[in-house]
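Trainee: final05.txt is the file, holding compact mmCIF, N, CA and C atoms:
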# COMPACT_ATOMS: atom_id res chain seq x y z
N MET A 278 98.31 107.69 108.49
CA MET A 278 98.82 109.03 108.63
C MET A 278 97.75 109.85 109.35
N PRO A 279 98.04 110.41 110.51
CA PRO A 279 97.05 111.21 111.21
C PRO A 279 96.81 112.55 110.52
N ALA A 280 95.64 113.12 110.77
CA ALA A 280 95.32 114.44 110.20
C ALA A 280 96.33 115.46 110.72
N MET A 281 96.74 116.38 109.86
CA MET A 281 97.69 117.41 110.25
C MET A 281 96.97 118.74 110.35
N LYS A 282 97.35 119.55 111.31
CA LYS A 282 96.77 120.88 111.46
C LYS A 282 97.66 121.91 110.79
N ILE A 283 97.05 122.73 109.94
CA ILE A 283 97.76 123.81 109.27
C ILE A 283 97.01 125.10 109.60
N ARG A 284 97.69 126.09 110.08
CA ARG A 284 97.02 127.34 110.47
C ARG A 284 97.16 128.38 109.38
N ILE A 285 96.02 128.85 108.85
CA ILE A 285 95.97 129.94 107.87
C ILE A 285 94.85 130.86 108.32
N SER A 286 94.87 131.46 109.38
CA SER A 286 93.83 132.28 110.00
C SER A 286 92.77 131.42 110.68
N ASN A 287 92.48 130.27 110.18
CA ASN A 287 91.62 129.28 110.82
C ASN A 287 92.29 127.92 110.63
N TYR A 288 91.76 126.92 111.29
CA TYR A 288 92.33 125.59 111.12
C TYR A 288 91.68 124.89 109.93
N ILE A 289 92.51 124.18 109.17
CA ILE A 289 92.05 123.36 108.06
C ILE A 289 92.58 121.95 108.33
N TYR A 290 91.70 120.97 108.30
CA TYR A 290 92.11 119.59 108.53
C TYR A 290 92.21 118.86 107.20
N ILE A 291 93.32 118.18 106.99
CA ILE A 291 93.59 117.48 105.74
C ILE A 291 93.77 116.00 106.05
N THR A 292 93.05 115.16 105.30
CA THR A 292 93.24 113.72 105.41
C THR A 292 93.64 113.19 104.04
N THR A 293 94.21 111.99 104.04
CA THR A 293 94.67 111.40 102.79
C THR A 293 94.13 109.98 102.67
N SER A 294 93.55 109.67 101.53
CA SER A 294 93.14 108.31 101.19
C SER A 294 93.89 107.92 99.93
N ILE A 295 94.55 106.76 99.97
CA ILE A 295 95.37 106.34 98.84
C ILE A 295 94.98 104.92 98.44
N GLY A 296 94.85 104.70 97.13
CA GLY A 296 94.59 103.37 96.59
C GLY A 296 95.75 102.96 95.69
N LEU A 297 96.30 101.78 95.94
CA LEU A 297 97.43 101.27 95.16
C LEU A 297 97.11 99.88 94.62
N THR A 298 97.76 99.53 93.53
CA THR A 298 97.65 98.18 92.99
C THR A 298 98.96 97.79 92.32
N LYS A 299 99.22 96.50 92.23
CA LYS A 299 100.40 96.01 91.52
C LYS A 299 99.97 95.61 90.12
N PHE A 300 100.87 95.80 89.16
CA PHE A 300 100.55 95.38 87.80
C PHE A 300 101.82 95.05 87.05
N SER A 301 101.64 94.32 85.98
CA SER A 301 102.74 93.96 85.09
C SER A 301 102.50 94.62 83.74
N PRO A 302 103.35 95.55 83.32
CA PRO A 302 103.13 96.25 82.06
C PRO A 302 102.96 95.32 80.86
N SER A 303 103.60 94.17 80.89
CA SER A 303 103.51 93.27 79.74
C SER A 303 102.24 92.43 79.74
N ASN A 304 101.57 92.29 80.90
CA ASN A 304 100.41 91.40 80.98
C ASN A 304 99.09 92.10 81.26
N ASP A 305 99.10 93.24 81.91
CA ASP A 305 97.86 93.87 82.36
C ASP A 305 97.37 94.93 81.38
N GLN A 306 96.05 94.97 81.20
CA GLN A 306 95.41 96.01 80.40
C GLN A 306 95.29 97.25 81.27
N ILE A 307 95.54 98.41 80.70
CA ILE A 307 95.53 99.66 81.48
C ILE A 307 94.17 99.93 82.10
N GLU A 308 93.08 99.55 81.42
CA GLU A 308 91.74 99.76 81.97
C GLU A 308 91.55 98.96 83.26
N ALA A 309 92.05 97.74 83.29
CA ALA A 309 91.94 96.90 84.48
C ALA A 309 92.77 97.47 85.63
N VAL A 310 93.94 98.01 85.30
CA VAL A 310 94.79 98.62 86.33
C VAL A 310 94.08 99.80 86.97
N PHE A 311 93.50 100.69 86.15
CA PHE A 311 92.78 101.84 86.69
C PHE A 311 91.57 101.41 87.50
N LYS A 312 90.90 100.35 87.08
CA LYS A 312 89.74 99.85 87.84
C LYS A 312 90.18 99.38 89.23
N HIS A 313 91.30 98.66 89.31
CA HIS A 313 91.81 98.20 90.61
C HIS A 313 92.23 99.37 91.49
N ILE A 314 92.87 100.37 90.89
CA ILE A 314 93.27 101.56 91.66
C ILE A 314 92.03 102.26 92.21
N ASP A 315 91.01 102.41 91.38
CA ASP A 315 89.77 103.06 91.79
C ASP A 315 89.10 102.28 92.92
N GLU A 316 89.05 100.96 92.81
CA GLU A 316 88.47 100.12 93.87
C GLU A 316 89.25 100.28 95.17
N ALA A 317 90.57 100.31 95.08
CA ALA A 317 91.41 100.47 96.28
C ALA A 317 91.17 101.83 96.93
N LEU A 318 91.06 102.88 96.13
CA LEU A 318 90.81 104.22 96.67
C LEU A 318 89.48 104.27 97.39
N TYR A 319 88.42 103.76 96.78
CA TYR A 319 87.11 103.79 97.42
C TYR A 319 87.06 102.91 98.66
N CYS A 320 87.83 101.84 98.68
CA CYS A 320 87.94 101.02 99.88
C CYS A 320 88.57 101.82 101.02
N SER A 321 89.61 102.59 100.72
CA SER A 321 90.24 103.46 101.73
C SER A 321 89.24 104.47 102.27
N LYS A 322 88.48 105.10 101.39
CA LYS A 322 87.50 106.09 101.82
C LYS A 322 86.41 105.44 102.66
N LYS A 323 85.98 104.25 102.28
CA LYS A 323 84.93 103.54 103.00
C LYS A 323 85.39 103.13 104.40
N ASN A 324 86.68 102.84 104.55
CA ASN A 324 87.22 102.40 105.83
C ASN A 324 87.58 103.56 106.75
N GLY A 325 87.03 104.71 106.53
CA GLY A 325 87.23 105.82 107.44
C GLY A 325 88.21 106.86 106.97
N ARG A 326 88.67 106.74 105.77
CA ARG A 326 89.62 107.68 105.19
C ARG A 326 90.94 107.66 105.94
N ASN A 327 91.86 108.49 105.49
CA ASN A 327 93.15 108.60 106.16
C ASN A 327 93.89 107.27 106.22
N CYS A 328 93.80 106.48 105.14
CA CYS A 328 94.50 105.20 105.12
C CYS A 328 94.93 104.85 103.70
N ILE A 329 95.69 103.77 103.59
CA ILE A 329 96.18 103.27 102.31
C ILE A 329 95.64 101.86 102.11
N THR A 330 95.10 101.59 100.92
CA THR A 330 94.63 100.25 100.57
C THR A 330 95.40 99.78 99.36
N ILE A 331 95.91 98.55 99.44
CA ILE A 331 96.65 97.95 98.32
C ILE A 331 95.88 96.73 97.85
N LEU A 332 95.52 96.71 96.57
CA LEU A 332 94.85 95.55 95.97
C LEU A 332 95.77 94.90 94.97
Translate the structure described by the file into structure tokens.
Mentor:
Amino acid sequence: MPAMKIRISNYIYITTSIGLTKFSPSNDQIEAVFKHIDEALYCSKKNGRNCITIL
């Protein structure tokens, strides 16, 4: 998703970094799910931001 320009007297640039993971409610511990989501988010930020990472 490219940065979008929004005008409010000056320009503000907004980027989005998203981390996603798949899980099974019956098998996965919630702590492990959040750890994977956190890792995916930081991977997106490390790769230049403005992207989605799925682990």
Trainee: Let's see if you can do this: from backbone DSSP, list all helix (DSSP H, G or I) residues in chain A, as JSON, numbers by chain.
Mentor: {"A": [307, 308, 309, 310, 311, 312, 313, 314, 315, 316, 317, 318, 319, 320, 321, 322, 323]}
Trainee: What does the file look like for those residues with N, CA and C atoms, as an mmCIF file, in the frame of the given file?
Mentor:
data_model
loop_
_atom_site.group_PDB
_atom_site.id
_atom_site.type_symbol
_atom_site.label_atom_id
_atom_site.label_comp_id
_atom_site.auth_asym_id
_atom_site.auth_seq_id
_atom_site.Cartn_x
_atom_site.Cartn_y
_atom_site.Cartn_z
ATOM 1 N N ILE A 307 95.540 98.410 80.700
ATOM 2 C CA ILE A 307 95.530 99.660 81.480
ATOM 3 C C ILE A 307 94.170 99.930 82.100
ATOM 4 N N GLU A 308 93.080 99.550 81.420
ATOM 5 C CA GLU A 308 91.740 99.760 81.970
ATOM 6 C C GLU A 308 91.550 98.960 83.260
ATOM 7 N N ALA A 309 92.050 97.740 83.290
ATOM 8 C CA ALA A 309 91.940 96.900 84.480
ATOM 9 C C ALA A 309 92.770 97.470 85.630
ATOM 10 N N VAL A 310 93.940 98.010 85.300
ATOM 11 C CA VAL A 310 94.790 98.620 86.330
ATOM 12 C C VAL A 310 94.080 99.800 86.970
ATOM 13 N N PHE A 311 93.500 100.690 86.150
ATOM 14 C CA PHE A 311 92.780 101.840 86.690
ATOM 15 C C PHE A 311 91.570 101.410 87.500
ATOM 16 N N LYS A 312 90.900 100.350 87.080
ATOM 17 C CA LYS A 312 89.740 99.850 87.840
ATOM 18 C C LYS A 312 90.180 99.380 89.230
ATOM 19 N N HIS A 313 91.300 98.660 89.310
ATOM 20 C CA HIS A 313 91.810 98.200 90.610
ATOM 21 C C HIS A 313 92.230 99.370 91.490
ATOM 22 N N ILE A 314 92.870 100.370 90.890
ATOM 23 C CA ILE A 314 93.270 101.560 91.660
ATOM 24 C C ILE A 314 92.030 102.260 92.210
ATOM 25 N N ASP A 315 91.010 102.410 91.380
ATOM 26 C CA ASP A 315 89.770 103.060 91.790
ATOM 27 C C ASP A 315 89.100 102.280 92.920
ATOM 28 N N GLU A 316 89.050 100.960 92.810
ATOM 29 C CA GLU A 316 88.470 100.120 93.870
ATOM 30 C C GLU A 316 89.250 100.280 95.170
ATOM 31 N N ALA A 317 90.570 100.310 95.080
ATOM 32 C CA ALA A 317 91.410 100.470 96.280
ATOM 33 C C ALA A 317 91.170 101.830 96.930
ATOM 34 N N LEU A 318 91.060 102.880 96.130
ATOM 35 C CA LEU A 318 90.810 104.220 96.670
ATOM 36 C C LEU A 318 89.480 104.270 97.390
ATOM 37 N N TYR A 319 88.420 103.760 96.780
ATOM 38 C CA TYR A 319 87.110 103.790 97.420
ATOM 39 C C TYR A 319 87.060 102.910 98.660
ATOM 40 N N CYS A 320 87.830 101.840 98.680
ATOM 41 C CA CYS A 320 87.940 101.020 99.880
ATOM 42 C C CYS A 320 88.570 101.820 101.020
ATOM 43 N N SER A 321 89.610 102.590 100.720
ATOM 44 C CA SER A 321 90.240 103.460 101.730
ATOM 45 C C SER A 321 89.240 104.470 102.270
ATOM 46 N N LYS A 322 88.480 105.100 101.390
ATOM 47 C CA LYS A 322 87.500 106.090 101.820
ATOM 48 C C LYS A 322 86.410 105.440 102.660
ATOM 49 N N LYS A 323 85.980 104.250 102.280
ATOM 50 C CA LYS A 323 84.930 103.540 103.000
ATOM 51 C C LYS A 323 85.390 103.130 104.400
#
Trainee: Have a look at atom C of Phe300 in chain A and atom C of Ala317 in chain A and let me know their distance in Å, one decimal.
Mentor: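 A separation of 16.0 Å between them.
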Trainee: Return as a list of chain:residue names the full set of residues in chain A whose backbone-based DSSP assignment is strand (DSSP E).
Mentor: A:Met281, A:Lys282, A:Ile283, A:Arg284, A:Tyr288, A:Ile289, A:Tyr290, A:Ile291, A:Ile295, A:Gly296, A:Leu297, A:Ile329, A:Thr330, A:Ile331
Trainee: Would you mind reading off the distance between atom C of His313 in chain A and atom C of Ile331 in chain A, one decimal, in Å?
Mentor: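 That distance, rounded to one decimal, is 7.8 Å.
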Trainee: Might you pull out every residue within 6.5 Å of range 322-329 of chain A, with all atoms listed in the file counted and same-chain residues fewer than 5 positions away left off, and present them as a VMD selection string?
Mentor: chain A and resid 278 292 to 297 317
Trainee: Enter the distance from CA of Asn304 in chain A to CA of Thr330 in chain A, in Å, rounded to one decimal.
Mentor: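 Atom-to-atom, CA of Asn304 in chain A and CA of Thr330 in chain A are spaced 22.3 Å apart.
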